[in-house]
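Asks: One file: final.csv (CSV, C-alpha atoms and all ligand atoms).
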chain,number,residue,atom,x,y,z
A,5,MET,CA,-8.1,-12.7,21.2
A,6,ALA,CA,-4.6,-11.3,20.7
A,7,GLU,CA,-2.8,-8.9,22.8
A,8,ILE,CA,-2.1,-5.8,20.6
A,9,VAL,CA,1.5,-4.9,20.8
A,10,TYR,CA,2.0,-1.2,20.2
A,11,GLY,CA,5.5,-0.5,18.9
A,12,SER,CA,4.7,3.2,19.4
A,13,GLU,CA,4.7,2.6,23.2
A,14,ILE,CA,7.9,0.6,23.1
A,15,ALA,CA,9.5,3.3,21.0
A,16,LYS,CA,8.4,5.9,23.5
A,17,LYS,CA,10.3,4.2,26.3
A,18,ILE,CA,13.4,3.8,24.1
A,19,LYS,CA,13.3,7.4,23.1
A,20,ALA,CA,13.0,8.5,26.7
A,21,LYS,CA,16.2,6.5,27.5
A,22,LEU,CA,18.0,8.1,24.6
A,23,ALA,CA,16.9,11.5,25.6
A,24,ALA,CA,18.4,11.0,29.1
A,25,LYS,CA,21.7,10.0,27.4
A,26,MET,CA,21.6,13.1,25.3
A,27,GLN,CA,21.0,15.2,28.4
A,28,ALA,CA,23.9,13.5,30.2
A,29,LEU,CA,26.3,14.2,27.3
A,30,LYS,CA,25.2,17.8,27.2
A,31,GLN,CA,25.8,18.2,31.0
A,32,GLU,CA,29.3,16.7,30.5
A,33,GLY,CA,29.9,19.4,27.9
A,34,LYS,CA,30.4,16.8,25.2
A,35,ARG,CA,29.6,17.0,21.5
A,36,LEU,CA,26.2,15.5,20.7
A,37,PRO,CA,25.6,12.7,18.2
A,38,LYS,CA,24.5,13.9,14.7
A,39,LEU,CA,22.4,12.1,12.1
A,40,CYS,CA,22.3,13.3,8.5
A,41,VAL,CA,19.3,12.3,6.4
A,42,VAL,CA,19.5,12.7,2.7
A,43,LEU,CA,16.3,12.9,0.7
A,44,VAL,CA,16.4,13.1,-3.1
A,45,GLY,CA,13.3,14.5,-4.7
A,46,ASN,CA,9.8,15.0,-3.4
A,47,HIS,CA,8.3,11.5,-3.0
A,48,PRO,CA,5.4,12.4,-0.6
A,49,ALA,CA,5.7,9.3,1.7
A,50,SER,CA,9.5,9.7,1.9
A,51,LEU,CA,9.1,13.3,2.8
A,52,SER,CA,6.8,12.3,5.6
A,53,TYR,CA,9.2,9.6,6.9
A,54,VAL,CA,12.2,12.0,6.9
A,55,THR,CA,10.2,14.6,8.6
A,56,GLY,CA,9.3,11.9,11.2
A,57,LYS,CA,13.0,11.2,11.7
A,58,GLU,CA,13.8,14.9,12.1
A,59,LYS,CA,11.1,15.3,14.7
A,60,ALA,CA,12.3,12.2,16.6
A,61,CYS,CA,15.8,13.6,16.7
A,62,ARG,CA,14.5,16.9,18.0
A,63,GLU,CA,12.4,15.2,20.7
A,64,ILE,CA,15.4,13.4,22.2
A,65,GLY,CA,17.8,16.3,21.7
A,66,MET,CA,20.0,14.6,19.0
A,67,GLU,CA,21.7,16.8,16.4
A,68,ASN,CA,20.3,16.3,12.9
A,69,ASP,CA,20.4,17.6,9.4
A,70,LEU,CA,17.9,17.0,6.7
A,71,ILE,CA,19.5,17.5,3.3
A,72,ARG,CA,17.1,17.8,0.4
A,73,LEU,CA,18.6,17.3,-3.1
A,74,PRO,CA,16.8,17.8,-6.4
A,75,GLN,CA,15.1,14.8,-8.1
A,76,ASP,CA,17.3,15.3,-11.2
A,77,ILE,CA,20.6,15.3,-9.3
A,78,SER,CA,23.2,13.2,-11.1
A,79,GLU,CA,24.5,10.0,-9.5
A,80,LYS,CA,28.0,11.4,-9.4
A,81,ALA,CA,26.9,14.5,-7.6
A,82,LEU,CA,25.0,12.4,-5.0
A,83,LEU,CA,28.1,10.2,-4.5
A,84,ASP,CA,30.3,13.3,-4.1
A,85,PHE,CA,27.9,14.6,-1.5
A,86,ILE,CA,28.0,11.4,0.5
A,87,GLN,CA,31.8,11.5,0.4
A,88,LYS,CA,31.6,14.9,2.0
A,89,LEU,CA,29.5,13.5,4.8
A,90,ASN,CA,31.8,10.5,5.2
A,91,VAL,CA,34.8,12.8,6.0
A,92,ASP,CA,32.8,15.3,8.1
A,93,ASP,CA,33.9,14.6,11.7
A,94,ALA,CA,30.7,16.2,13.1
A,95,VAL,CA,28.5,13.6,11.4
A,96,ASP,CA,28.0,10.2,13.1
A,97,GLY,CA,25.2,8.7,11.0
A,98,ILE,CA,24.3,8.9,7.4
A,99,LEU,CA,20.9,7.7,6.0
A,100,VAL,CA,19.8,8.0,2.3
A,101,GLN,CA,16.1,7.7,2.2
A,102,LEU,CA,14.8,5.0,-0.2
A,103,PRO,CA,13.5,4.7,-2.8
A,104,LEU,CA,15.9,6.8,-5.0
A,105,PRO,CA,14.9,8.1,-8.4
A,106,ALA,CA,15.2,5.5,-11.2
A,107,HIS,CA,18.3,7.1,-12.8
A,108,ILE,CA,20.4,6.5,-9.7
A,109,ASP,CA,21.9,3.1,-8.8
A,110,GLU,CA,20.7,2.5,-5.3
A,111,HIS,CA,23.5,-0.1,-4.5
A,112,LYS,CA,26.2,2.3,-5.6
A,113,VAL,CA,24.9,4.9,-3.3
A,114,LEU,CA,24.4,2.6,-0.3
A,115,PHE,CA,27.9,1.2,-0.8
A,116,ALA,CA,29.4,4.7,-0.9
A,117,ILE,CA,28.4,5.3,2.8
A,118,ASP,CA,31.2,4.8,5.3
A,119,PRO,CA,30.3,1.6,7.1
A,120,ALA,CA,31.2,3.3,10.4
A,121,LYS,CA,28.4,5.8,9.7
A,122,ASP,CA,26.0,3.3,8.1
A,123,VAL,CA,23.2,3.6,10.7
A,124,ASP,CA,20.7,2.2,8.2
A,125,GLY,CA,22.7,-1.1,8.1
A,126,PHE,CA,22.4,-1.4,4.3
A,127,HIS,CA,26.1,-1.4,3.4
A,128,PRO,CA,27.3,-4.8,2.2
A,129,ILE,CA,29.8,-4.8,5.1
A,130,SER,CA,27.0,-4.3,7.6
A,131,LEU,CA,24.9,-7.0,6.0
A,132,GLY,CA,27.9,-9.5,5.8
A,133,LYS,CA,28.6,-8.9,9.4
A,134,LEU,CA,25.0,-9.6,10.3
A,135,MET,CA,25.3,-13.0,8.6
A,136,LEU,CA,28.5,-13.7,10.5
A,137,GLN,CA,26.9,-12.6,13.7
A,138,GLU,CA,29.6,-10.0,14.2
A,139,ASP,CA,29.0,-6.6,15.9
A,140,THR,CA,27.5,-4.2,13.3
A,141,PHE,CA,24.7,-1.8,12.5
A,142,ILE,CA,21.4,-3.8,12.1
A,143,SER,CA,18.9,-2.2,9.7
A,144,CYS,CA,16.2,-0.4,11.6
A,145,THR,CA,13.0,-2.2,10.7
A,146,PRO,CA,14.4,-5.7,11.3
A,147,LYS,CA,16.0,-4.6,14.5
A,148,GLY,CA,12.7,-3.0,15.6
A,149,ILE,CA,10.9,-6.3,14.9
A,150,MET,CA,13.4,-8.3,17.0
A,151,ARG,CA,13.0,-5.7,19.8
A,152,ILE,CA,9.2,-6.2,19.7
A,153,LEU,CA,9.7,-10.0,20.0
A,154,GLU,CA,12.0,-9.5,23.0
A,155,GLU,CA,9.4,-7.2,24.6
A,156,ILE,CA,6.8,-10.0,24.6
A,157,GLY,CA,9.3,-12.6,25.9
A,158,TYR,CA,10.3,-14.1,22.5
A,159,ASP,CA,14.1,-13.9,23.0
A,160,ASP,CA,15.5,-17.3,22.6
A,161,LEU,CA,13.6,-18.7,19.6
A,162,SER,CA,14.9,-22.3,19.8
A,163,GLY,CA,12.2,-24.7,18.6
A,164,LYS,CA,10.1,-21.9,17.1
A,165,LYS,CA,9.0,-21.9,13.5
A,166,ALA,CA,9.2,-18.4,11.9
A,167,VAL,CA,7.8,-17.6,8.5
A,168,VAL,CA,8.8,-14.4,6.8
A,169,VAL,CA,6.5,-13.4,3.9
A,170,GLY,CA,8.6,-11.1,1.7
A,171,ARG,CA,12.2,-11.2,0.6
A,172,SER,CA,13.3,-7.5,0.4
A,173,ASN,CA,16.8,-6.4,1.2
A,174,ILE,CA,15.4,-3.9,3.7
A,175,VAL,CA,13.2,-6.2,5.7
A,176,GLY,CA,12.6,-9.8,4.6
A,177,LYS,CA,16.2,-11.0,4.2
A,178,PRO,CA,17.8,-9.3,7.2
A,179,VAL,CA,14.9,-10.2,9.5
A,180,ALA,CA,15.2,-13.9,8.4
A,181,GLN,CA,18.8,-13.8,9.3
A,182,LEU,CA,18.1,-12.2,12.7
A,183,LEU,CA,15.5,-14.8,13.5
A,184,MET,CA,18.0,-17.5,12.6
A,185,ASN,CA,20.6,-15.9,14.8
A,186,LYS,CA,18.1,-16.3,17.7
A,187,HIS,CA,17.8,-20.1,16.8
A,188,ALA,CA,14.4,-20.0,15.1
A,189,THR,CA,13.7,-22.3,12.2
A,190,VAL,CA,13.0,-19.9,9.4
A,191,THR,CA,11.1,-20.1,6.1
A,192,VAL,CA,11.0,-17.2,3.7
A,193,CYS,CA,8.1,-17.0,1.3
A,194,HIS,CA,7.8,-14.7,-1.7
A,195,SER,CA,5.8,-14.1,-4.9
A,196,ARG,CA,7.0,-17.4,-6.5
A,197,THR,CA,6.3,-19.6,-3.4
A,198,LYS,CA,3.6,-22.2,-3.8
A,199,ASN,CA,1.1,-22.7,-1.0
A,200,VAL,CA,2.2,-19.7,1.0
A,201,GLU,CA,-0.9,-20.0,3.1
A,202,GLU,CA,-0.1,-23.6,4.2
A,203,ILE,CA,3.4,-22.6,5.1
A,204,ALA,CA,2.3,-19.5,7.0
A,205,ALA,CA,-0.3,-21.5,8.9
A,206,GLN,CA,2.6,-23.5,10.5
A,207,ALA,CA,4.3,-20.4,11.9
A,208,ASP,CA,4.7,-19.6,15.6
A,209,ILE,CA,6.0,-16.2,14.4
A,210,LEU,CA,4.7,-14.8,11.2
A,211,ILE,CA,6.3,-11.7,9.7
A,212,ALA,CA,4.3,-10.0,7.0
A,213,ALA,CA,6.4,-7.8,4.7
A,214,ILE,CA,4.9,-8.0,1.3
A,215,GLY,CA,3.4,-4.6,0.7
A,216,LYS,CA,-0.1,-5.8,-0.1
A,217,PRO,CA,-3.0,-4.4,1.8
A,218,ARG,CA,-4.6,-7.0,4.2
A,219,TYR,CA,-3.1,-9.8,2.2
A,220,ILE,CA,-2.7,-12.2,5.2
A,221,HIS,CA,-6.1,-13.8,6.1
A,222,ALA,CA,-7.0,-15.4,9.4
A,223,SER,CA,-7.0,-18.9,7.7
A,224,TRP,CA,-3.2,-18.4,7.1
A,225,VAL,CA,-2.5,-17.9,10.8
A,226,LYS,CA,-2.0,-20.6,13.5
A,227,GLU,CA,-4.0,-20.3,16.7
A,228,GLY,CA,-1.7,-18.6,19.2
A,229,ALA,CA,0.8,-17.3,16.7
A,230,VAL,CA,2.8,-14.0,17.0
A,231,VAL,CA,1.9,-11.8,14.0
A,232,ILE,CA,4.2,-8.9,13.1
A,233,ASP,CA,2.8,-6.6,10.4
A,234,VAL,CA,5.5,-4.6,8.5
A,235,GLY,CA,3.2,-3.4,5.7
A,236,ILE,CA,2.4,0.3,5.2
A,237,ASN,CA,-0.3,0.4,2.5
A,238,ARG,CA,-3.3,2.5,1.6
A,239,ASP,CA,-6.5,0.5,1.0
A,240,GLU,CA,-9.2,1.3,-1.6
A,241,ASN,CA,-10.6,4.1,0.7
A,242,ASN,CA,-7.1,5.5,1.1
A,243,LYS,CA,-7.0,4.3,4.7
A,244,LEU,CA,-3.6,3.3,6.1
A,245,CYS,CA,-3.4,-0.5,6.7
A,246,GLY,CA,-0.9,-3.3,7.0
A,247,ASP,CA,-0.3,-6.5,5.1
A,248,VAL,CA,-2.5,-8.4,7.6
A,249,ASP,CA,-6.3,-8.5,7.9
A,250,PHE,CA,-6.0,-7.2,11.4
A,251,GLU,CA,-9.6,-7.5,12.5
A,252,ALA,CA,-9.9,-11.2,11.6
A,253,VAL,CA,-6.3,-12.2,12.5
A,254,LYS,CA,-6.4,-10.6,16.0
A,255,GLU,CA,-9.1,-13.1,16.9
A,256,LYS,CA,-6.7,-16.0,16.3
A,257,ALA,CA,-3.2,-14.8,17.2
A,258,ALA,CA,-1.7,-14.5,20.6
A,259,TYR,CA,0.1,-11.2,19.8
A,260,ILE,CA,-0.3,-8.9,16.9
A,261,THR,CA,1.2,-5.5,15.9
A,262,PRO,CA,-1.2,-2.9,14.5
A,263,VAL,CA,-0.7,-0.5,11.5
A,264,PRO,CA,-0.2,2.4,12.3
A,265,LYS,CA,1.6,2.4,15.7
A,266,GLY,CA,3.3,-1.0,15.3
A,267,VAL,CA,6.6,-1.6,13.6
A,268,GLY,CA,6.9,1.9,11.9
A,269,PRO,CA,7.7,3.9,15.1
A,270,MET,CA,10.2,1.2,16.1
A,271,THR,CA,12.1,1.8,12.8
A,272,ILE,CA,12.7,5.4,13.8
A,273,ALA,CA,13.6,4.5,17.4
A,274,MET,CA,16.2,2.0,16.2
A,275,LEU,CA,17.7,4.6,13.8
A,276,LEU,CA,18.2,6.9,16.8
A,277,GLU,CA,19.8,4.0,18.8
A,278,ASN,CA,22.1,3.2,15.9
A,279,THR,CA,23.2,6.8,15.6
A,280,LEU,CA,24.1,6.9,19.3
A,281,GLU,CA,25.9,3.6,18.8
A,282,ALA,CA,27.9,5.1,15.9
A,283,TYR,CA,28.8,8.1,18.0
A,284,GLU,CA,29.9,5.9,20.9
A,285,LYS,CA,32.1,3.7,18.7
A,286,LYS,CA,33.7,6.9,17.3
A,287,GLU,CA,34.2,8.7,20.6
A,288,GLY,CA,35.4,5.6,22.4
A,301,LIG,N1,16.9,4.6,4.0
A,301,LIG,C1,15.7,4.0,4.4
A,301,LIG,N2,14.6,4.1,3.6
A,301,LIG,C2,13.5,3.5,3.9
A,301,LIG,C3,13.4,2.8,5.2
A,301,LIG,C4,14.5,2.7,6.0
A,301,LIG,O1,14.5,2.0,7.1
A,301,LIG,N3,15.7,3.3,5.6
A,301,LIG,N4,12.1,2.3,5.6
A,301,LIG,C5,10.9,2.7,4.9
A,301,LIG,C6,10.3,3.9,5.4
A,301,LIG,N5,10.5,4.3,6.8
A,301,LIG,C7,11.6,4.8,7.2
A,301,LIG,O2,12.4,5.3,6.4
A,301,LIG,C8,9.4,4.4,7.7
A,301,LIG,C9,8.1,3.9,7.4
A,301,LIG,C10,7.0,4.1,8.3
A,301,LIG,C11,7.2,4.7,9.5
A,301,LIG,C12,6.1,4.9,10.5
A,301,LIG,O3,6.3,5.3,11.6
A,301,LIG,N6,4.9,4.7,10.0
A,301,LIG,C13,3.7,5.1,10.9
A,301,LIG,C14,2.6,5.5,9.9
A,301,LIG,C15,3.0,6.6,9.0
A,301,LIG,C16,1.9,7.2,8.2
A,301,LIG,O4,1.0,7.7,8.8
A,301,LIG,O5,2.0,7.1,6.9
A,301,LIG,C17,3.3,3.9,11.6
A,301,LIG,O6,3.5,2.7,11.2
A,301,LIG,O7,2.7,4.1,12.7
A,301,LIG,C18,8.5,5.1,9.9
A,301,LIG,C19,9.5,4.9,9.0
A,301,LIG,C20,11.2,2.9,3.4
A,301,LIG,N7,12.4,3.6,3.2
Render the structure in this file as structure tokens.
Ligand SMILES: Nc1nc2c(c(=O)[nH]1)N[C@@H](CN(C=O)c1ccc(C(=O)N[C@@H](CCC(=O)O)C(=O)O)cc1)CN2
Replies:
Amino acid sequence: MAEIVYGSEIAKKIKAKLAAKMQALKQEGKRLPKLCVVLVGNHPASLSYVTGKEKACREIGMENDLIRLPQDISEKALLDFIQKLNVDDAVDGILVQLPLPAHIDEHKVLFAIDPAKDVDGFHPISLGKLMLQEDTFISCTPKGIMRILEEIGYDDLSGKKAVVVGRSNIVGKPVAQLLMNKHATVTVCHSRTKNVEEIAAQADILIAAIGKPRYIHASWVKEGAVVIDVGINRDENNKLCGDVDFEAVKEKAAYITPVPKGVGPMTIAMLLENTLEAYEKKEG
């Protein structure tokens, strides 16, 4: 029977430390770090995520601005807006909530963010530095996953087999790189992979990031594995669930993260941490 690892609890501790840092800066009479979150349109899930980010900033006493732009904003107008944030000295971190409307080139927008303010870690400079193991902003969900692994004593991953199911730019690819940086032997599976279940069943660490409700069955999981569920899906009854068949897999794994209260809250905690990091780099 697995130990259930609540990212929400780890995130709470991280936020308490960050709140203490905000308090100390305030007492020293210093400017506080500021995060700007840009939401284009009214995507309901995105709206709920950016509201969660706003709430988390308020909880720890970090300055924040939620900028809502219309769904039909032109790409040029959005790029101009980002440029304004880039040159605003009061802004430490910029995040453009994804997905963007189809008429906007996501890469162009992410590349327009000043890498010094790229707290989402999606700029090509940030991603390149991650590959080279240079100091950079690590994207929030992959960073949160690694922090969960550290929390359960999985720090040096030498000799461990890790399998990442999903190859997105936001999660699959960066987390595979981070696992490699910690010396794990990593396999990335995706929609064109044959025998995913056989590959997954060899994993000491299994990361599920495919976006399919309860897709990973117990037969795909090795006895005693660590299972990290990144999925946020709605099932046929509109109930929130992950990519892993939690009830069955928890009987087999050694550790498992739930959905909700697993990786999601860590994403937000890491964003706050990255914003403080951006501030500290700027302020010296
Ligand atoms: N610019 C970005 N866009 C998106 C990112 C990102 O990291 N940067 N990630 C996701 C969405 N996301 C943050 O933006 C996010 C998703 C889920 C959660 C979360 O805490 N989920 C809760 C459950 C929420 C619910 O009830 O629906 C949980 O898992 O407990 C936080 C952040 C895509 N876009």
Asks: Find the residues near Tyr283 of chain A: any atom within 12 Å, counting all atoms listed in the file, skip ones fewer than 3 places away on the same chain, and give them as a list in words.
Replies: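 Everything that qualifies: Lys25, Met26, Leu29, Lys34, Arg35, Leu36, Pro37, Lys38, Leu39, Met66, Glu67, Asp93, Ala94, Val95, Asp96, Gly97, Ile98, Ala120, Lys121, Asp122, Val123, Leu276, Glu277, Asn278, Thr279, Leu280, Lys286, Glu287 and Gly288 of chain A.
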Asks: Provide the atom CA of Pro262 of chain A to atom CA of Lys19 of chain A distance in Å, to one decimal place.
Replies: 19.8 Å
Asks: So which one's closest to Ala258 of chain A, A:Gly228, A:Pro48, A:Pro74, A:Gly246? Using only C-alpha atoms, please.
Replies: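 That would be A:Gly228, the residue with the smallest distance to Ala258 of chain A.
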Asks: Would you mind reading off the distance between atom CA of Leu22 of chain A and atom CA of Asn90 of chain A, one decimal, in Å?
Replies: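 Calculated distance between atom CA of Leu22 of chain A and atom CA of Asn90 of chain A is 23.9 Å.
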Asks: Of the candidates A:Asp124, A:Asp233, A:Glu281, A:Glu110, which one gets nearest to ligand LIG 301 (chain A) if we count all atoms listed in the file?
Replies: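 Closest to ligand LIG 301 (chain A) of all the choices is A:Asp124.
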Asks: Hey, what's within 12 Å of Lys59 of chain A if we count all atoms listed in the file and toss same-chain stuff fewer than 5 positions away? As a ChimeraX atom specification, please?
Replies: /A:19,52-54,64-70,269,272-273,276
Asks: Could you list, as a list in words, all residues that come within 7 Å of ligand LIG 301 (chain A)? Count only C-alpha atoms and all ligand atoms.
Replies: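 Checked against 7 Å with only C-alpha atoms and all ligand atoms; the hits are Ala49, Ser50, Tyr53, Val54, Gly56, Leu99, Val100, Gln101, Leu102, Pro103, Asp124, Ser143, Cys144, Thr145, Ile174, Ile236, Leu244, Val263, Pro264, Lys265, Gly266, Val267, Gly268, Pro269, Thr271 and Ile272 of chain A.
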Asks: What does the structure give for the distance between atom CA of Ala207 of chain A and atom CA of Ala15 of chain A, in Å to one decimal?
Replies: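 Answer for the atom CA of Ala207 of chain A to atom CA of Ala15 of chain A separation: 25.9 Å.
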Asks: Name the residues in contact with Ser78 of chain A at a cut-off of 9 Å, using all atoms listed in the file, excluding same-chain residues fewer than 4 positions from it; report them as a list of chain:residue names.
Replies: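 So the residues in contact are A:Leu82, A:Leu83, A:His107, A:Ile108.
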Asks: Counting all atoms listed in the file, which residue out of A:Lys177, A:Ala229, A:Gln75, A:Met135 sits closest to Tyr259 of chain A?
Replies: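 With all atoms listed in the file as the atom set, the closest residue is A:Ala229.
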Asks: From the set A:His47, A:Arg238, A:Lys256, A:Lys198, which residue has the shortest atom-to-atom contact distance to Val225 of chain A, counting only C-alpha atoms?
Replies: A:Lys256
Asks: Taking the point (-9.7, -11.0, 18.9) as given in the file, collect each protein or nucleic acid residue that comes within 6 Å of it, counting all atoms listed in the file, and present the set as a CSV table (one decimal) with C-alpha atoms, in the coordinates of the input.
Replies:
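Saved as selection.csv:
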chain,number,residue,atom,x,y,z
A,5,MET,CA,-8.1,-12.7,21.2
A,6,ALA,CA,-4.6,-11.3,20.7
A,254,LYS,CA,-6.4,-10.6,16.0
A,255,GLU,CA,-9.1,-13.1,16.9
Asks: Counting only C-alpha atoms, figure out which residue out of A:Val41, A:Leu131, A:Cys193, A:Ile260 gets nearest to Val248 of chain A.
Replies: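 That would be A:Ile260, the residue with the smallest distance to Val248 of chain A.
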Asks: Do a neighbour search on Ile86 of chain A at 9 Å with only C-alpha atoms, toss out local chain neighbours closer than 4 positions, and write the hits as a PyMOL selection string.
Replies: chain A and resi 42+81-82+90-91+98+113+116-118
Asks: If you keep C-alpha atoms, can you produce a file of those selected residues as a CSV table (one decimal), in the coordinates of the input?
Replies:
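Listing of selection.csv after writing:
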chain,number,residue,atom,x,y,z
A,42,VAL,CA,19.5,12.7,2.7
A,81,ALA,CA,26.9,14.5,-7.6
A,82,LEU,CA,25.0,12.4,-5.0
A,90,ASN,CA,31.8,10.5,5.2
A,91,VAL,CA,34.8,12.8,6.0
A,98,ILE,CA,24.3,8.9,7.4
A,113,VAL,CA,24.9,4.9,-3.3
A,116,ALA,CA,29.4,4.7,-0.9
A,117,ILE,CA,28.4,5.3,2.8
A,118,ASP,CA,31.2,4.8,5.3
Asks: Taking only C-alpha atoms into account, which of A:Glu58, A:Asp76, A:Asp160, A:Glu32 comes nearest Gly45 of chain A?
Replies: A:Asp76
Asks: Which neighbours of Ile232 of chain A fall inside 8 Å, counting only C-alpha atoms, when residues of the same chain fewer than 4 positions from it are skipped, and could you give them as a short mmCIF file (atom, residue, chain, number, x, y, z; two decimals) with C-alpha atoms, in the frame of the given file?
Replies:
data_model
loop_
_atom_site.label_atom_id
_atom_site.label_comp_id
_atom_site.auth_asym_id
_atom_site.auth_seq_id
_atom_site.Cartn_x
_atom_site.Cartn_y
_atom_site.Cartn_z
CA ILE A 149 10.90 -6.30 14.90
CA ILE A 209 6.00 -16.20 14.40
CA LEU A 210 4.70 -14.80 11.20
CA ILE A 211 6.30 -11.70 9.70
CA ALA A 212 4.30 -10.00 7.00
CA ILE A 260 -0.30 -8.90 16.90
CA THR A 261 1.20 -5.50 15.90
CA VAL A 267 6.60 -1.60 13.60
#
Asks: Please, can segment 60-71 of chain A be completed to N, CA and C atoms and returned as a compact mmCIF listing (two decimals), in the coordinates of the input?
Replies:
# COMPACT_ATOMS: atom_id res chain seq x y z
N ALA A 60 11.83 13.15 15.55
CA ALA A 60 12.30 12.20 16.60
C ALA A 60 13.65 12.69 17.15
N CYS A 61 14.54 13.13 16.26
CA CYS A 61 15.80 13.60 16.70
C CYS A 61 15.65 14.84 17.63
N ARG A 62 14.77 15.74 17.20
CA ARG A 62 14.50 16.90 18.00
C ARG A 62 13.97 16.56 19.37
N GLU A 63 13.03 15.62 19.39
CA GLU A 63 12.40 15.20 20.70
C GLU A 63 13.43 14.72 21.67
N ILE A 64 14.44 13.98 21.19
CA ILE A 64 15.40 13.40 22.20
C ILE A 64 16.62 14.33 22.33
N GLY A 65 16.70 15.38 21.55
CA GLY A 65 17.80 16.30 21.70
C GLY A 65 19.07 15.84 20.90
N MET A 66 18.86 15.09 19.82
CA MET A 66 20.00 14.60 19.00
C MET A 66 20.19 15.63 17.83
N GLU A 67 21.44 15.92 17.51
CA GLU A 67 21.70 16.80 16.40
C GLU A 67 21.26 16.14 15.09
N ASN A 68 20.72 16.91 14.15
CA ASN A 68 20.30 16.30 12.90
C ASN A 68 20.30 17.30 11.77
N ASP A 69 20.46 16.79 10.58
CA ASP A 69 20.40 17.60 9.40
C ASP A 69 19.60 16.87 8.35
N LEU A 70 18.60 17.54 7.80
CA LEU A 70 17.90 17.00 6.70
C LEU A 70 18.37 17.65 5.42
N ILE A 71 18.97 16.87 4.52
CA ILE A 71 19.50 17.50 3.30
C ILE A 71 18.63 17.08 2.14
